[in-house]
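Printed here is final-v7.csv (CSV, C-alpha atoms):
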```csv
chain,number,residue,atom,x,y,z
A,5,GLY,CA,0.0,0.0,0.0
A,6,PRO,CA,1.0,3.7,0.1
A,7,THR,CA,4.2,4.4,1.9
A,8,VAL,CA,4.2,8.2,2.0
A,9,PRO,CA,4.1,9.2,5.8
A,10,GLY,CA,0.9,11.0,6.8
A,11,THR,CA,-0.2,13.2,9.6
A,12,GLY,CA,-2.8,10.8,10.9
A,13,PRO,CA,-6.6,11.1,10.9
A,14,VAL,CA,-8.1,14.6,11.1
A,15,GLY,CA,-9.3,15.3,14.6
A,16,PRO,CA,-9.4,13.1,17.7
A,17,ALA,CA,-9.8,9.3,17.2
A,18,GLY,CA,-13.0,9.2,19.2
A,19,ALA,CA,-14.8,11.7,17.0
A,20,LEU,CA,-16.0,9.1,14.6
A,21,THR,CA,-18.3,7.5,17.2
A,22,LYS,CA,-19.6,10.9,18.2
A,23,ASP,CA,-20.5,11.7,14.6
A,24,ARG,CA,-22.3,8.5,14.1
A,25,ALA,CA,-24.4,8.8,17.3
A,26,ALA,CA,-27.0,10.7,15.4
A,27,GLY,CA,-28.4,7.6,13.8
A,28,ALA,CA,-25.8,5.6,11.8
A,29,ALA,CA,-24.8,2.3,13.3
A,30,THR,CA,-21.1,1.5,14.1
A,31,PRO,CA,-20.0,-1.5,12.0
A,32,ALA,CA,-18.9,-4.7,13.7
A,33,ALA,CA,-15.2,-5.4,14.0
A,34,GLY,CA,-13.9,-7.0,10.8
A,35,THR,CA,-16.8,-5.7,8.6
A,36,PRO,CA,-15.5,-4.5,5.2
A,37,VAL,CA,-15.9,-0.7,4.7
A,38,LEU,CA,-17.3,-1.6,1.2
A,39,ALA,CA,-19.0,-4.8,0.1
A,40,ILE,CA,-20.6,-5.2,-3.3
A,41,ASP,CA,-22.3,-8.5,-4.1
A,42,ASP,CA,-23.4,-9.6,-7.6
A,43,ALA,CA,-24.3,-6.0,-8.6
A,44,HIS,CA,-25.9,-5.3,-12.0
A,45,VAL,CA,-26.5,-1.7,-13.2
A,46,VAL,CA,-28.6,-1.0,-16.3
A,47,TYR,CA,-29.1,2.5,-17.8
A,48,ARG,CA,-32.6,2.4,-19.4
A,49,SER,CA,-33.2,4.1,-22.7
A,50,ARG,CA,-35.5,7.1,-22.6
A,51,PHE,CA,-37.1,6.1,-25.8
A,52,GLY,CA,-38.6,2.6,-26.2
A,53,ARG,CA,-37.1,-0.5,-24.8
A,54,GLY,CA,-33.6,-1.6,-24.1
A,55,GLY,CA,-30.7,0.2,-22.4
A,56,HIS,CA,-27.1,-0.2,-21.6
A,57,HIS,CA,-26.0,-2.9,-19.2
A,58,ALA,CA,-23.1,-1.0,-17.5
A,59,LEU,CA,-22.1,-3.5,-14.8
A,60,ARG,CA,-22.7,-7.3,-14.8
A,61,GLY,CA,-22.4,-9.3,-11.6
A,62,VAL,CA,-19.7,-7.3,-10.0
A,63,SER,CA,-18.6,-8.5,-6.5
A,64,LEU,CA,-15.8,-6.9,-4.5
A,65,THR,CA,-14.8,-5.8,-1.0
A,66,VAL,CA,-12.6,-3.2,0.6
A,67,ALA,CA,-11.2,-3.6,4.1
A,68,ALA,CA,-10.2,-0.8,6.5
A,69,GLY,CA,-6.6,0.2,5.8
A,70,GLU,CA,-6.8,-1.2,2.3
A,71,THR,CA,-6.5,0.5,-1.1
A,72,LEU,CA,-8.3,-1.2,-4.0
A,73,GLY,CA,-7.2,-0.3,-7.5
A,74,VAL,CA,-9.7,-0.4,-10.4
A,75,VAL,CA,-8.4,-0.5,-14.0
A,76,GLY,CA,-9.8,-0.9,-17.5
A,77,GLU,CA,-10.1,1.0,-20.7
A,78,SER,CA,-12.7,3.7,-21.4
A,79,GLY,CA,-16.2,2.3,-21.4
A,80,CYS,CA,-15.5,-0.7,-19.1
A,81,GLY,CA,-17.7,0.6,-16.3
A,82,LYS,CA,-15.2,2.3,-13.9
A,83,SER,CA,-17.2,5.5,-13.5
A,84,THR,CA,-20.5,3.6,-13.0
A,85,LEU,CA,-18.8,1.4,-10.4
A,86,ALA,CA,-17.7,4.6,-8.5
A,87,LYS,CA,-21.2,5.9,-8.6
A,88,LEU,CA,-22.5,2.6,-7.3
A,89,MET,CA,-20.1,2.7,-4.3
A,90,LEU,CA,-21.4,6.2,-3.4
A,91,GLY,CA,-25.1,5.3,-3.8
A,92,LEU,CA,-25.5,7.6,-6.8
A,93,VAL,CA,-26.9,4.8,-8.9
A,94,ASP,CA,-29.1,1.9,-7.8
A,95,PRO,CA,-28.3,-1.6,-8.8
A,96,ALA,CA,-30.9,-3.5,-10.8
A,97,SER,CA,-30.0,-6.5,-8.7
A,98,GLY,CA,-27.4,-7.3,-6.1
A,99,SER,CA,-26.4,-5.3,-3.1
A,100,VAL,CA,-24.0,-2.5,-2.0
A,101,GLU,CA,-23.0,-2.1,1.7
A,102,VAL,CA,-20.9,0.7,3.3
A,103,ALA,CA,-19.6,-0.1,6.8
A,104,GLY,CA,-22.2,-3.0,7.0
A,105,GLN,CA,-25.2,-0.9,6.0
A,106,ARG,CA,-27.1,-1.1,2.6
A,107,TYR,CA,-28.1,1.8,0.5
A,108,ALA,CA,-31.3,-0.1,-0.5
A,109,GLY,CA,-34.5,1.2,1.1
A,110,LEU,CA,-32.9,4.3,2.7
A,111,ARG,CA,-34.4,7.7,2.2
A,112,GLY,CA,-34.0,11.2,3.5
A,113,ARG,CA,-31.7,11.8,6.5
A,114,LYS,CA,-30.7,8.1,6.8
A,115,LEU,CA,-29.5,8.0,3.2
A,116,ARG,CA,-27.6,11.3,3.6
A,117,GLN,CA,-25.9,9.9,6.8
A,118,LEU,CA,-24.8,6.8,5.0
A,119,ARG,CA,-23.5,8.8,2.0
A,120,THR,CA,-21.3,10.8,4.3
A,121,ARG,CA,-19.5,7.6,5.2
A,122,ALA,CA,-18.4,7.1,1.6
A,123,GLN,CA,-17.0,10.2,-0.2
A,124,MET,CA,-15.5,10.8,-3.7
A,125,VAL,CA,-12.7,12.9,-5.0
A,126,PHE,CA,-13.6,13.7,-8.6
A,127,GLN,CA,-11.7,13.9,-11.8
A,128,ASP,CA,-12.5,17.5,-12.6
A,129,PRO,CA,-11.5,19.4,-9.4
A,130,ILE,CA,-13.0,22.8,-10.3
A,131,GLY,CA,-16.1,21.4,-11.9
A,132,SER,CA,-16.9,19.3,-8.8
A,133,LEU,CA,-17.2,22.6,-6.7
A,134,SER,CA,-20.4,24.7,-6.8
A,135,PRO,CA,-19.7,28.0,-8.5
A,136,ARG,CA,-22.3,29.6,-6.2
A,137,ARG,CA,-20.5,28.6,-3.0
A,138,THR,CA,-17.3,29.8,-1.4
A,139,VAL,CA,-14.6,27.3,-0.7
A,140,GLY,CA,-15.5,27.3,3.0
A,141,ASP,CA,-19.2,26.6,2.3
A,142,SER,CA,-18.3,23.7,0.0
A,143,ILE,CA,-16.0,22.0,2.6
A,144,ALA,CA,-18.5,22.5,5.4
A,145,GLU,CA,-21.5,21.1,3.5
A,146,PRO,CA,-21.0,17.5,4.6
A,147,LEU,CA,-20.9,18.6,8.2
A,148,ARG,CA,-24.2,20.5,7.9
A,149,ALA,CA,-25.7,17.3,6.5
A,150,LEU,CA,-24.5,15.5,9.7
A,151,GLY,CA,-25.9,18.2,11.9
A,152,VAL,CA,-22.5,19.2,13.3
A,153,PRO,CA,-22.7,22.5,15.3
A,154,ALA,CA,-21.2,25.6,13.7
A,155,ALA,CA,-18.3,26.0,16.1
A,156,GLU,CA,-17.2,22.4,15.5
A,157,ARG,CA,-17.7,22.8,11.7
A,158,ALA,CA,-15.3,25.7,11.8
A,159,GLN,CA,-12.7,23.8,13.8
A,160,ARG,CA,-12.8,20.8,11.5
A,161,VAL,CA,-12.8,22.8,8.3
A,162,GLY,CA,-9.7,24.6,9.6
A,163,ALA,CA,-8.1,21.2,10.5
A,164,VAL,CA,-8.5,19.7,7.0
A,165,LEU,CA,-7.2,22.9,5.4
A,166,ASP,CA,-4.1,22.7,7.6
A,167,ARG,CA,-3.7,19.1,6.5
A,168,MET,CA,-3.9,20.1,2.8
A,169,GLU,CA,-1.3,22.8,3.5
A,170,LEU,CA,-3.6,25.6,2.4
A,171,ASP,CA,-3.9,29.1,4.0
A,172,ARG,CA,-7.3,29.7,5.7
A,173,SER,CA,-7.8,32.9,3.6
A,174,ILE,CA,-8.7,30.5,0.8
A,175,LEU,CA,-12.1,29.8,2.5
A,176,GLN,CA,-13.6,33.1,1.1
A,177,ARG,CA,-12.6,32.3,-2.5
A,178,GLN,CA,-14.8,31.1,-5.3
A,179,PRO,CA,-13.9,28.0,-7.3
A,180,HIS,CA,-12.9,30.0,-10.4
A,181,GLU,CA,-10.2,31.7,-8.3
A,182,LEU,CA,-8.4,28.5,-7.6
A,183,SER,CA,-5.7,26.7,-9.5
A,184,GLY,CA,-6.2,23.1,-10.5
A,185,GLY,CA,-4.0,21.9,-7.7
A,186,GLN,CA,-5.7,24.1,-5.1
A,187,ALA,CA,-9.1,22.9,-6.3
A,188,GLN,CA,-8.2,19.3,-6.0
A,189,ARG,CA,-6.8,19.8,-2.5
A,190,ILE,CA,-10.2,21.4,-1.6
A,191,GLY,CA,-12.0,18.4,-3.1
A,192,ILE,CA,-9.9,16.1,-0.9
A,193,ALA,CA,-10.5,18.3,2.1
A,194,ARG,CA,-14.3,18.2,1.5
A,195,ALA,CA,-14.1,14.4,1.3
A,196,LEU,CA,-12.1,14.1,4.5
A,197,VAL,CA,-14.0,16.6,6.7
A,198,GLY,CA,-16.9,14.1,7.5
A,199,ARG,CA,-14.4,11.4,8.5
A,200,PRO,CA,-15.7,8.8,6.1
A,201,GLU,CA,-14.9,5.1,6.2
A,202,LEU,CA,-14.4,5.0,2.4
A,203,ILE,CA,-12.9,7.4,-0.1
A,204,VAL,CA,-13.2,6.8,-3.8
A,205,PHE,CA,-10.6,8.6,-6.0
A,206,ASP,CA,-11.9,8.7,-9.5
A,207,GLU,CA,-9.1,9.7,-11.9
A,208,PRO,CA,-8.0,12.3,-9.4
A,209,THR,CA,-5.0,13.7,-11.3
A,210,SER,CA,-5.9,13.2,-14.9
A,211,ALA,CA,-7.1,16.9,-15.3
A,212,LEU,CA,-4.0,18.4,-13.7
A,213,ASP,CA,-0.7,19.6,-15.1
A,214,VAL,CA,2.1,17.1,-14.8
A,215,THR,CA,4.0,19.4,-12.4
A,216,VAL,CA,1.0,19.4,-10.0
A,217,GLN,CA,0.2,15.7,-10.2
A,218,ALA,CA,3.1,14.6,-8.0
A,219,GLN,CA,2.0,17.0,-5.3
A,220,ILE,CA,-1.6,15.7,-5.3
A,221,LEU,CA,-0.5,12.1,-5.4
A,222,LYS,CA,1.6,12.7,-2.2
A,223,VAL,CA,-1.6,14.1,-0.5
A,224,ILE,CA,-3.6,11.1,-1.7
A,225,ALA,CA,-1.0,8.7,-0.4
A,226,ASP,CA,-1.2,10.4,3.0
A,227,VAL,CA,-5.0,10.0,3.0
A,228,ALA,CA,-4.9,6.3,1.8
A,229,ALA,CA,-2.3,5.4,4.5
A,230,ASP,CA,-4.9,5.9,7.3
A,231,SER,CA,-5.6,2.4,8.7
A,232,SER,CA,-9.1,3.3,9.8
A,233,ARG,CA,-10.3,4.0,6.3
A,234,GLY,CA,-10.6,2.1,3.0
A,235,SER,CA,-9.8,3.6,-0.4
A,236,VAL,CA,-10.6,2.9,-4.0
A,237,PHE,CA,-8.2,4.3,-6.6
A,238,ILE,CA,-9.6,4.4,-10.2
A,239,SER,CA,-7.2,5.4,-12.9
A,240,HIS,CA,-5.9,4.9,-16.4
A,241,ASP,CA,-2.4,5.3,-15.1
A,242,LEU,CA,-1.4,1.8,-14.4
A,243,ALA,CA,2.0,2.7,-12.8
A,244,THR,CA,0.2,4.9,-10.3
A,245,VAL,CA,-2.4,2.2,-9.5
A,246,ARG,CA,0.4,-0.2,-8.8
A,247,GLY,CA,2.2,2.2,-6.5
A,248,PHE,CA,-1.0,3.0,-4.5
A,249,SER,CA,-2.9,-0.2,-4.4
A,250,ASP,CA,-2.9,-3.3,-2.2
A,251,ARG,CA,-5.2,-5.2,-4.5
A,252,VAL,CA,-6.5,-4.5,-8.0
A,253,VAL,CA,-9.6,-5.5,-10.0
A,254,VAL,CA,-9.6,-5.4,-13.8
A,255,LEU,CA,-12.9,-4.4,-15.4
A,256,TYR,CA,-13.9,-5.2,-19.0
A,257,LEU,CA,-17.4,-4.4,-20.3
A,258,GLY,CA,-18.9,-4.2,-16.9
A,259,ARG,CA,-17.4,-7.5,-15.6
A,260,VAL,CA,-14.5,-8.2,-13.3
A,261,VAL,CA,-12.2,-10.4,-15.4
A,262,GLU,CA,-9.3,-10.6,-13.0
A,263,GLU,CA,-8.6,-9.6,-9.4
A,264,GLY,CA,-5.9,-10.2,-6.8
A,265,PRO,CA,-2.8,-8.7,-5.0
A,266,VAL,CA,-1.5,-5.9,-7.2
A,267,ASP,CA,2.0,-7.3,-7.6
A,268,GLU,CA,0.6,-10.7,-8.6
A,269,VAL,CA,-1.7,-9.2,-11.2
A,270,PHE,CA,0.9,-6.9,-12.7
A,271,ASP,CA,3.8,-9.3,-12.7
A,272,ASN,CA,1.9,-12.5,-13.5
A,273,PRO,CA,-1.4,-11.6,-15.3
A,274,LYS,CA,-3.7,-14.5,-16.0
A,275,HIS,CA,-6.5,-13.1,-18.2
A,276,PRO,CA,-5.7,-12.2,-21.9
A,277,TYR,CA,-7.3,-8.8,-21.4
A,278,THR,CA,-5.1,-8.0,-18.4
A,279,ARG,CA,-2.0,-9.0,-20.5
A,280,ALA,CA,-3.1,-6.7,-23.3
A,281,LEU,CA,-3.9,-3.8,-20.9
A,282,LEU,CA,-0.4,-4.0,-19.2
A,283,ALA,CA,1.3,-4.3,-22.6
A,284,SER,CA,-0.3,-1.0,-23.6
A,285,ALA,CA,1.2,0.9,-20.7
A,286,PRO,CA,4.9,1.9,-21.3
A,287,SER,CA,4.7,3.9,-18.0
A,288,LEU,CA,5.0,0.6,-16.1
A,289,GLY,CA,8.8,0.5,-16.9
A,290,THR,CA,10.0,-2.6,-15.1
A,291,GLY,CA,6.5,-4.0,-14.8
A,292,PHE,CA,5.1,-7.0,-16.7
A,293,GLY,CA,7.7,-8.2,-19.2
A,294,GLY,CA,6.3,-11.6,-20.4
A,295,PRO,CA,4.9,-12.4,-23.8
A,296,ARG,CA,2.2,-9.8,-24.7
A,297,VAL,CA,-1.3,-10.0,-26.1
A,298,GLU,CA,-2.3,-7.0,-28.2
A,299,LEU,CA,-5.9,-6.5,-29.0
A,300,THR,CA,-6.6,-4.4,-32.1
A,301,ARG,CA,-10.3,-4.9,-32.8
A,302,ASP,CA,-12.8,-2.3,-31.5
A,303,LEU,CA,-14.5,-2.8,-28.2
A,304,GLU,CA,-17.9,-4.3,-28.9
A,305,GLU,CA,-20.5,-3.9,-26.1
A,306,ALA,CA,-22.9,-6.4,-27.7
A,307,ASP,CA,-20.4,-9.2,-27.1
A,308,ALA,CA,-20.9,-9.0,-23.4
A,309,ALA,CA,-24.4,-10.5,-23.3
A,310,THR,CA,-23.3,-14.2,-23.7
A,311,GLY,CA,-20.1,-16.0,-22.9
A,312,CYS,CA,-16.8,-14.2,-22.4
A,313,PRO,CA,-17.1,-10.5,-23.2
A,314,LEU,CA,-13.6,-10.6,-24.7
A,315,ALA,CA,-14.4,-13.4,-27.2
A,316,ALA,CA,-14.5,-11.2,-30.3
A,317,ARG,CA,-11.0,-9.8,-29.5
A,318,CYS,CA,-9.2,-12.7,-28.0
A,319,PRO,CA,-6.7,-14.9,-29.9
A,320,PHE,CA,-7.3,-17.8,-27.6
A,321,VAL,CA,-11.1,-18.0,-28.1
A,322,THR,CA,-13.0,-21.3,-28.4
A,323,ASP,CA,-16.6,-22.1,-29.1
A,324,ARG,CA,-17.1,-22.7,-25.3
A,325,CYS,CA,-15.8,-19.1,-24.6
A,326,ARG,CA,-18.5,-17.7,-26.9
A,327,SER,CA,-21.4,-19.6,-25.4
A,328,ASP,CA,-20.7,-20.2,-21.7
A,329,ASP,CA,-20.4,-17.5,-19.0
A,330,GLN,CA,-17.0,-17.6,-17.2
A,331,GLU,CA,-16.8,-17.0,-13.5
A,332,LEU,CA,-13.7,-15.9,-11.5
A,333,GLN,CA,-11.6,-18.9,-10.6
A,334,PRO,CA,-8.5,-19.0,-8.4
A,335,TYR,CA,-5.1,-19.3,-10.2
A,336,GLY,CA,-2.4,-19.0,-7.6
A,337,ALA,CA,-2.9,-15.8,-5.5
A,338,SER,CA,-5.3,-14.1,-8.0
A,339,ARG,CA,-8.5,-15.0,-9.7
A,340,ALA,CA,-9.5,-14.7,-13.4
A,341,ALA,CA,-12.6,-15.4,-15.5
A,342,CYS,CA,-11.0,-17.4,-18.3
A,343,TRP,CA,-11.3,-21.1,-19.2
A,344,ARG,CA,-7.9,-21.1,-20.8
A,345,VAL,CA,-5.6,-19.6,-18.2
A,346,PRO,CA,-3.7,-22.9,-17.6
A,347,GLU,CA,-3.1,-23.3,-21.4
A,348,ILE,CA,-2.1,-19.7,-22.2
A,349,PRO,CA,1.6,-19.8,-21.3
A,350,ALA,CA,2.1,-22.8,-23.7
A,351,LEU,CA,0.1,-21.1,-26.4
A,352,LEU,CA,2.2,-18.0,-26.3
A,353,LYS,CA,5.4,-20.0,-26.7
A,354,GLY,CA,7.5,-16.9,-26.0
A,355,SER,CA,6.0,-14.7,-28.7
A,356,ASP,CA,3.6,-11.8,-28.7
A,357,ILE,CA,0.2,-12.5,-30.1
A,358,ARG,CA,-1.8,-9.9,-32.0
A,359,VAL,CA,-5.3,-10.1,-33.5
```

As structure tokens, what does this structure read like?
Amino acid sequence: GPTVPGTGPVGPAGALTKDRAAGAATPAAGTPVLAIDDAHVVYRSRFGRGGHHALRGVSLTVAAGETLGVVGESGCGKSTLAKLMLGLVDPASGSVEVAGQRYAGLRGRKLRQLRTRAQMVFQDPIGSLSPRRTVGDSIAEPLRALGVPAAERAQRVGAVLDRMELDRSILQRQPHELSGGQAQRIGIARALVGRPELIVFDEPTSALDVTVQAQILKVIADVAADSSRGSVFISHDLATVRGFSDRVVVLYLGRVVEEGPVDEVFDNPKHPYTRALLASAPSLGTGFGGPRVELTRDLEEADAATGCPLAARCPFVTDRCRSDDQELQPYGASRAACWRVPEIPALLKGSDIRV
């Protein structure tokens, strides 16, 4: 996991119990901070029948003190998965739990309380802040939702600003007066101020200048190092995912096709799609160096309905792959959804495969 030394949780350790006393139950010891079980998400068409099946049977957990990386090409379902974790979309089936409590069936204040326990740091730092609110109002809003008194709100807002190494004069500014790096620090401060059990980082540096990215990544590493909180790090930058994550899941067309300890998945990928994804990332440097699988055909969403979603692009495809659904199976320390994992090393025979 992250190794950048941090400054510890914002505020006293006992404050979390105090915050939750208003109605949110304290999770039992050992309960994952996030548990998704067989979740399907379908975006229905506004016109006529049909729709887009964005997630298909996704199951995963995140423990306190753990960082889970999520990788996959554009259109694989990463953003929908992030929204599912925050309760911003409802699953058509399956369940989502944060700190042992389900989003399903919650309304009003109870739903708002649960949502404060899982916070997101967005891709567009300035766009994620309301143009009608000052920086101070934006950071304090989660505390208002929790009913935290004004004096304590001010103290906690000041504490997270100090942690972000920002001068308190910034509280009176509007979002358009901020640089990209300042805005992302404000976004992280807003996520932290409610002391959530889960923080989801959705491409948190992709909209920033290269010179600012390293600074923000150091801040994120500090946040993720907190052993009382779980983190999800979603990014196209595979080298950064490897540096931040304890475990990683690989998404393809709304399905988890491989998951496991980050070093195992990156050094010894099992699924053909994982091999292709790693081969496309020169930023990995000394990462995966085995025979590569390169996929050149276009991503086809329709192929996800039956059998392996990669079938149309995979050089190892068989008739069984096209007709039968493939579940995650253990292969060493990781799991992959591919019938042919045991045969692939021999099929590669030391050469790259391209289709």

For atom CA of Glu101 of chain A and atom CA of Ser63 of chain A, the interatomic separation in Å (one decimal):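 That distance, rounded to one decimal, is 11.3 Å.
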
Residue with smallest distance to Leu90 of chain A - pool A:Ile143, A:Val164, A:Ala149, A:Ala195, counting only C-alpha atoms: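 Checking each of A:Ile143, A:Val164, A:Ala149, A:Ala195 against Leu90 of chain A, counting only C-alpha atoms, the winner is A:Ala195.
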
Length of the atom CA of Val223 of chain A to atom CA of Arg167 of chain A vector [Å]: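 Going from atom CA of Val223 of chain A over to atom CA of Arg167 of chain A, I get 8.9 Å.
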
Shortest interatomic distance to Phe248 of chain A - which of A:Arg344, A:Arg119, A:Arg296, A:Lys222, counting only C-alpha atoms: A:Lys222

Given only C-alpha atoms as the counted atoms, nearest of A:Thr120, A:Ser210, A:Gln159, A:Gln176 to Thr138 of chain A: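 Residue with the minimum atom-to-atom distance to Thr138 of chain A: A:Gln176.
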
Pick from A:Gly109, A:Pro334, A:Pro135, A:Gly104, whichever lies nearest to Val37 of chain A using all atoms listed in the file: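 Ranking A:Gly109, A:Pro334, A:Pro135, A:Gly104 by distance to Val37 of chain A, first place goes to A:Gly104.
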
Which of A:Arg194, A:Arg199, A:Arg106, A:His275 sits closest to Asp141 of chain A [using only C-alpha atoms]: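 Ranked by minimum distance to Asp141 of chain A, first place goes to A:Arg194.
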
Answer as a PyMOL selection string, residues within 8 Å of (-16.7, 34.1, -9.6) using only C-alpha atoms: chain A and resi 135-136+178-181

Expected answer as a ChimeraX atom specification: all residues with atoms within 10 Å of (-3.0, -16.4, -15.3), only C-alpha atoms: /A:262,268-269,272-276,278-279,334-342,344-349

Selection near His240 of chain A, 8 Å with only C-alpha atoms, sequence-local residues under 5 positions removed, as an MDAnalysis selection string: chainID A and resid 75:77 207

Interatomic distance, atom CA of Gly61 of chain A to atom CA of Ala96 of chain A (Å, one decimal):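 Calculated distance between atom CA of Gly61 of chain A and atom CA of Ala96 of chain A is 10.3 Å.
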
From A:Val297, A:Val214, A:Val236, A:Ile220, residue lying nearest Met89 of chain A [only C-alpha atoms]: A:Val236

Set out as JSON lines a contact list for segment 155-218 of chain A and segment 65-73 of chain A with a cut-off of 10 Å, giving each residue of segment 155-218 of chain A that qualifies its closest atom pair and distance in Å to one decimal, counting all atoms listed in the file, ordered by chain and rising residue number.
```
{"residue": "A:Glu201", "atom": "CA", "partner": "A:Ala68", "partner_atom": "CA", "distance": 7.5}
{"residue": "A:Leu202", "atom": "CA", "partner": "A:Ala68", "partner_atom": "CA", "distance": 8.3}
{"residue": "A:Ile203", "atom": "CA", "partner": "A:Thr71", "partner_atom": "CA", "distance": 9.5}
{"residue": "A:Val204", "atom": "CA", "partner": "A:Leu72", "partner_atom": "CA", "distance": 9.4}
{"residue": "A:Phe205", "atom": "CA", "partner": "A:Gly73", "partner_atom": "CA", "distance": 9.6}
```

Within 12 Å of Val216 of chain A using all atoms listed in the file, minus same-chain residues under 2 positions, as JSON, numbers by chain: {"A": [183, 184, 185, 186, 187, 188, 189, 208, 209, 210, 211, 212, 213, 214, 218, 219, 220, 221, 222, 223]}

Residues near Asp328 of chain A, cut-off 12 Å, all atoms listed in the file, skip fewer than 2 positions along chain, as a ChimeraX atom specification: /A:308-313,315,321-326,330-331,341-343
